[in-house]
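Chemist: Take this structure, written in structure tokens, and hold onto it; I'll ask about it next.
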Amino acid sequence: MSLQTTGLAPVNDKGDKLFYTDTGPVPDSTDYKTLFLFHGSAFTGHTFHRLIPMAAANNLRLVIVNRRDYPGSTKYTDEELQSLKEGKQEFLEAVGRETLTFLSWYVKNHDIPKLSADRKLGGIVVLGWSLGAATPLAMLAYPETIPKELYDSVEPYLKQAVLYDPPLLAFGYDQPPELYNPFTDPDLKTPEEVFANFGVWVSSYYNHPDLSTRSPKGLDDRKRGPRFTVETMTPEDMEVCFSAESAQRMEFPMFVRASFAFVDSICAEACLNRALWDEKCAQTVFPNLEIVHQVCTASPWYTAWAYFENLRLLEEHKAAGHKVRHIRFIEIPGANHFVHWDDPKAFMDAILEGL
């Protein structure tokens, strides 16, 4: 009998909630891991549903979340959206606090195994796909805004944060000007055209000449690859996997602006300077947390560049003797940005490798 349920969980004292799908406790297991999955831009948590049949057999409980403003979850107010578009720090502060509140509610209201003393059994893993990688990063970036009671309720459970194929935008990294930018493509005259192009571009399979160069010359920056995931999705799939309304309200207004104010300010500070590379944060905010960066080798160059930059910065900080967070990189060969949909077994194997 299936234990799968759906529900709403509170994230603040204003009544805002997140919609989730939960595969339920693993039968006859007292040491399963609970994996919380947060989707990226435009594509919803439903894209992860192909993983559900494999969860229990791998001693995993999956909690698939729709982020704020996506179907089932509370929409942002106009004031909150304005804060996002202006790149105000308070927006990501709230994301971090609300994510921890959600996790705290979950461990208090569900029978989730704590992390074992050797950190091998039980516990929770928080995964952010694509731009959704900002979700786990935000939990680490602003400790001064997290109440001690909230922190203490999650800390005994939190094992790992997984950055699943994140783009450079999630970290605030500069983009090489010579490479194709789908958000400023002069052939796309309207925001609607940019939006229509996005699904094809982001889900294409690319043939990068040589990722080992860590340079633009090693990247395939075509406007689209020879095949792409969205062409295999039925209208019924798109109905539940894609939310044009949510993306148009949230992410796309900041993508198509030339200034990229969101990326230049709060992402750069929170995700780059504090969450990963700030020594004090690394040593005091979930200091034993493992960070795994999953790399899909056939994804758009945006994600490959984030990979290059995280490799470079980690090497530089380690060489300088800085006590920053360690990142473990796991490549998924031949995978595109939607490997969890196109090849869920390969994605599950990558998850298990990281654990």
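Quick note on naming: the chains in the structure tokens go A, B, ... in the order shown, residues restart at 1 in each chain, and ligands are numbered from 1 in order of appearance.
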Name all residues at most 8 Å from stretch 90-98 of chain A (count only C-alpha atoms; drop same-chain ones fewer than 3 positions away) and give them as a list of chain:residue names.
Modeler: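 Skipping anything fewer than 3 positions along the chain leaves A:Val11, A:Asn12, A:Glu80, A:Ser83, A:Leu84, A:Gly87, A:Thr101, A:Phe102, A:Thr135, A:Pro136, A:Leu137, A:Ala138, A:Met139, A:Leu140, A:Ala141, A:Tyr142, A:Thr145, A:Ile146, A:Ile266, A:Ala270.
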Chemist: Give me a file of those residues, with N, CA, C and O atoms, as an mmCIF file, in the first residue's frame.
Modeler:
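This is the output file selection24.cif:
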data_model
loop_
_atom_site.group_PDB
_atom_site.id
_atom_site.type_symbol
_atom_site.label_atom_id
_atom_site.label_comp_id
_atom_site.auth_asym_id
_atom_site.auth_seq_id
_atom_site.Cartn_x
_atom_site.Cartn_y
_atom_site.Cartn_z
ATOM 1 N N VAL A 11 5.521 28.051 6.991
ATOM 2 C CA VAL A 11 6.909 28.511 6.883
ATOM 3 C C VAL A 11 7.163 29.814 7.646
ATOM 4 O O VAL A 11 8.304 30.263 7.744
ATOM 5 N N ASN A 12 6.112 30.426 8.157
ATOM 6 C CA ASN A 12 6.281 31.643 8.944
ATOM 7 C C ASN A 12 5.011 31.864 9.771
ATOM 8 O O ASN A 12 4.074 31.055 9.715
ATOM 9 N N GLU A 80 6.763 41.638 -1.496
ATOM 10 C CA GLU A 80 7.846 40.647 -1.477
ATOM 11 C C GLU A 80 8.472 40.501 -2.859
ATOM 12 O O GLU A 80 9.707 40.390 -2.988
ATOM 13 N N SER A 83 10.766 43.349 -3.513
ATOM 14 C CA SER A 83 12.031 43.148 -2.802
ATOM 15 C C SER A 83 12.951 42.225 -3.587
ATOM 16 O O SER A 83 14.163 42.464 -3.691
ATOM 17 N N LEU A 84 12.386 41.176 -4.181
ATOM 18 C CA LEU A 84 13.166 40.266 -5.013
ATOM 19 C C LEU A 84 13.736 40.985 -6.226
ATOM 20 O O LEU A 84 14.931 40.895 -6.527
ATOM 21 N N GLY A 87 16.608 43.208 -5.684
ATOM 22 C CA GLY A 87 17.817 42.573 -5.188
ATOM 23 C C GLY A 87 18.097 42.833 -3.727
ATOM 24 O O GLY A 87 19.254 42.912 -3.316
ATOM 25 N N THR A 101 12.311 26.782 8.794
ATOM 26 C CA THR A 101 11.029 26.628 9.486
ATOM 27 C C THR A 101 10.270 25.427 8.946
ATOM 28 O O THR A 101 9.671 24.650 9.703
ATOM 29 N N PHE A 102 10.291 25.265 7.633
ATOM 30 C CA PHE A 102 9.653 24.118 6.995
ATOM 31 C C PHE A 102 10.295 22.819 7.473
ATOM 32 O O PHE A 102 9.588 21.867 7.858
ATOM 33 N N THR A 135 18.076 27.907 -2.459
ATOM 34 C CA THR A 135 17.296 27.552 -1.270
ATOM 35 C C THR A 135 18.182 26.992 -0.166
ATOM 36 O O THR A 135 18.196 27.538 0.941
ATOM 37 N N PRO A 136 18.941 25.903 -0.394
ATOM 38 C CA PRO A 136 19.824 25.448 0.684
ATOM 39 C C PRO A 136 20.933 26.443 1.015
ATOM 40 O O PRO A 136 21.337 26.569 2.176
ATOM 41 N N LEU A 137 21.418 27.172 0.004
ATOM 42 C CA LEU A 137 22.468 28.150 0.282
ATOM 43 C C LEU A 137 21.976 29.254 1.207
ATOM 44 O O LEU A 137 22.703 29.733 2.074
ATOM 45 N N ALA A 138 20.721 29.665 1.022
ATOM 46 C CA ALA A 138 20.172 30.732 1.855
ATOM 47 C C ALA A 138 20.098 30.321 3.318
ATOM 48 O O ALA A 138 20.165 31.173 4.219
ATOM 49 N N MET A 139 19.971 29.013 3.584
ATOM 50 C CA MET A 139 19.931 28.541 4.973
ATOM 51 C C MET A 139 21.256 28.796 5.690
ATOM 52 O O MET A 139 21.304 28.869 6.913
ATOM 53 N N LEU A 140 22.341 28.907 4.911
ATOM 54 C CA LEU A 140 23.677 29.002 5.486
ATOM 55 C C LEU A 140 24.210 30.419 5.550
ATOM 56 O O LEU A 140 25.215 30.671 6.223
ATOM 57 N N ALA A 141 23.561 31.341 4.884
ATOM 58 C CA ALA A 141 24.167 32.646 4.631
ATOM 59 C C ALA A 141 23.871 33.714 5.670
ATOM 60 O O ALA A 141 24.653 34.647 5.827
ATOM 61 N N TYR A 142 22.766 33.593 6.377
ATOM 62 C CA TYR A 142 22.352 34.677 7.276
ATOM 63 C C TYR A 142 22.047 34.160 8.680
ATOM 64 O O TYR A 142 20.909 34.223 9.151
ATOM 65 N N THR A 145 19.885 36.003 11.314
ATOM 66 C CA THR A 145 18.426 36.118 11.172
ATOM 67 C C THR A 145 17.702 34.839 11.580
ATOM 68 O O THR A 145 16.475 34.773 11.488
ATOM 69 N N ILE A 146 18.429 33.815 12.009
ATOM 70 C CA ILE A 146 17.836 32.526 12.366
ATOM 71 C C ILE A 146 17.760 32.390 13.881
ATOM 72 O O ILE A 146 18.789 32.377 14.555
ATOM 73 N N ILE A 266 22.089 40.193 -3.933
ATOM 74 C CA ILE A 266 21.866 39.215 -2.887
ATOM 75 C C ILE A 266 22.468 37.855 -3.196
ATOM 76 O O ILE A 266 22.971 37.198 -2.295
ATOM 77 N N ALA A 270 25.087 36.422 -0.563
ATOM 78 C CA ALA A 270 24.618 35.281 0.218
ATOM 79 C C ALA A 270 25.260 33.977 -0.224
ATOM 80 O O ALA A 270 25.779 33.225 0.593
#
Chemist: Write down as a list in words the residues belonging to stretch 144-267 of chain A that are assigned strand (DSSP E) by DSSP computed on the backbone.
Modeler: Leu158, Lys159, Gln160, Ala161, Val162, Leu163 and Tyr164 of chain A
Chemist: Can you pull out every residue within 9 Å of stretch 163-168 of chain A, counting only C-alpha atoms, but drop anything in the same chain fewer than 3 positions away, and send it as a PyMOL selection string?
Modeler: chain A and resi 40+126-134+136-137+171-175+291-296+299-307+309+337
Chemist: Give me the residues within 10 Å of A:Tyr157 as a PyMOL selection string, counting only C-alpha atoms and dropping any in the same chain fewer than 5 places off.
Modeler: chain A and resi 33-34+103-104+107+112-116+119+122-125+152
Chemist: What's around A:Leu51 at 12 Å? Count only C-alpha atoms, leave out sequence neighbours fewer than 6 positions away in its own chain, and write the answer as JSON, numbers by chain.
Modeler: {"A": [21, 22, 23, 35, 37, 45, 57, 58, 60, 61, 62, 63, 64, 339, 340, 341, 342, 343, 344, 345, 346, 347, 348, 349, 351]}
Chemist: Quick one: residues within 12 Å of stretch 248-252 of chain A, only C-alpha atoms, excluding same-chain residues fewer than 3 positions away - as a PyMOL selection string?
Modeler: chain A and resi 40-43+67-70+75-78+80-87+91+131-132+169-170+182-184+190-196+198+242-245+255-258+260-263
Chemist: Smallest atom-to-atom distance to A:Leu355: which of A:Gln160, A:Thr229, A:Gln4, A:Thr213, using only C-alpha atoms?
Modeler: A:Gln160
Chemist: Using only C-alpha atoms, which residues sit within 10 Å of A:Asn288 once same-chain residues fewer than 5 positions away are excluded, as a short mmCIF file (atom, residue, chain, number, x, y, z; two decimals) with all heavy atoms, in the first residue's frame?
Modeler:
data_model
loop_
_atom_site.label_atom_id
_atom_site.label_comp_id
_atom_site.auth_asym_id
_atom_site.auth_seq_id
_atom_site.Cartn_x
_atom_site.Cartn_y
_atom_site.Cartn_z
N ARG A 119 27.15 10.06 11.28
CA ARG A 119 26.59 10.80 10.15
C ARG A 119 26.37 9.92 8.92
O ARG A 119 26.28 10.42 7.81
CB ARG A 119 27.46 12.01 9.79
CG ARG A 119 27.65 12.99 10.94
CD ARG A 119 28.44 14.22 10.51
NE ARG A 119 27.73 15.02 9.54
CZ ARG A 119 26.78 15.91 9.83
NH1 ARG A 119 26.43 16.11 11.08
NH2 ARG A 119 26.17 16.60 8.86
N GLU A 155 19.43 21.18 13.44
CA GLU A 155 20.84 20.77 13.41
C GLU A 155 21.07 19.27 13.63
O GLU A 155 21.90 18.66 12.93
CB GLU A 155 21.62 21.59 14.44
CG GLU A 155 23.13 21.52 14.28
CD GLU A 155 23.74 20.28 14.93
OE1 GLU A 155 23.13 19.76 15.89
OE2 GLU A 155 24.81 19.83 14.47
N LEU A 158 20.35 17.52 10.05
CA LEU A 158 20.84 17.98 8.75
C LEU A 158 22.18 17.36 8.39
O LEU A 158 23.20 17.63 9.02
CB LEU A 158 20.94 19.51 8.75
CG LEU A 158 21.16 20.17 7.39
CD1 LEU A 158 20.08 19.80 6.39
CD2 LEU A 158 21.23 21.69 7.55
N LYS A 159 22.17 16.53 7.37
CA LYS A 159 23.37 15.83 6.93
C LYS A 159 24.06 16.52 5.77
O LYS A 159 25.28 16.70 5.77
CB LYS A 159 23.02 14.39 6.51
CG LYS A 159 24.17 13.63 5.81
CD LYS A 159 23.72 12.26 5.35
CE LYS A 159 24.80 11.59 4.49
NZ LYS A 159 26.07 11.39 5.22
N GLN A 160 23.29 16.92 4.76
CA GLN A 160 23.90 17.29 3.48
C GLN A 160 23.03 18.29 2.72
O GLN A 160 21.81 18.27 2.84
CB GLN A 160 24.07 16.01 2.65
CG GLN A 160 24.80 16.15 1.34
CD GLN A 160 24.91 14.80 0.63
OE1 GLN A 160 24.07 14.46 -0.20
NE2 GLN A 160 25.92 14.02 1.00
N ALA A 282 31.25 28.94 7.75
CA ALA A 282 31.60 27.54 7.56
C ALA A 282 31.87 26.83 8.88
O ALA A 282 31.58 25.64 9.04
CB ALA A 282 32.82 27.42 6.65
N GLN A 283 32.41 27.56 9.84
CA GLN A 283 32.78 26.96 11.12
C GLN A 283 31.70 27.04 12.18
O GLN A 283 31.80 26.36 13.21
CB GLN A 283 34.07 27.62 11.63
CG GLN A 283 35.28 27.37 10.73
CD GLN A 283 36.49 28.18 11.15
OE1 GLN A 283 36.92 28.12 12.29
NE2 GLN A 283 37.02 28.97 10.23
N ARG A 325 33.91 25.86 3.47
CA ARG A 325 33.22 24.59 3.31
C ARG A 325 33.85 23.77 2.18
O ARG A 325 34.23 24.31 1.15
CB ARG A 325 31.74 24.82 2.98
CG ARG A 325 30.99 25.50 4.10
CD ARG A 325 29.50 25.56 3.82
NE ARG A 325 28.83 26.42 4.78
CZ ARG A 325 28.43 26.04 5.99
NH1 ARG A 325 28.63 24.79 6.36
NH2 ARG A 325 27.83 26.89 6.80
N HIS A 326 33.93 22.48 2.41
CA HIS A 326 34.43 21.60 1.35
C HIS A 326 33.26 21.22 0.45
O HIS A 326 32.15 20.98 0.91
CB HIS A 326 35.06 20.34 1.92
CG HIS A 326 35.53 19.40 0.86
ND1 HIS A 326 36.63 19.69 0.06
CD2 HIS A 326 35.06 18.21 0.43
CE1 HIS A 326 36.81 18.72 -0.80
NE2 HIS A 326 35.87 17.80 -0.59
#
Chemist: Using only C-alpha atoms, find the one residue out of A:His46, A:Arg224, A:His39, A:Arg328 that sits nearest to A:Ser203.
Modeler: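 Of A:His46, A:Arg224, A:His39, A:Arg328, the one nearest A:Ser203, counting only C-alpha atoms, is A:Arg224.
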Chemist: My list of candidates is A:Val324, A:Glu315, A:Glu239, A:Ala298. Which is closest to A:Asp278 when distances are computed with only C-alpha atoms?
Modeler: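 Looking at the shortest contact to A:Asp278, the residue is A:Val324.
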Chemist: Would you work out the distance separating atom CA of A:Lys217 from atom CA of A:Pro177, expressed in Å to one decimal?
Modeler: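 Going from atom CA of A:Lys217 over to atom CA of A:Pro177, I get 12.5 Å.
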Chemist: How many Å separate atom CA of A:Glu316 from atom CA of A:Asn273?
Modeler: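 Going from atom CA of A:Glu316 over to atom CA of A:Asn273 covers 13.7 Å.
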Chemist: What does the structure give for the distance between atom CA of A:Asp237 and atom CA of A:Leu352, in Å to one decimal?
Modeler: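 Answer for the atom CA of A:Asp237 to atom CA of A:Leu352 separation: 26.6 Å.
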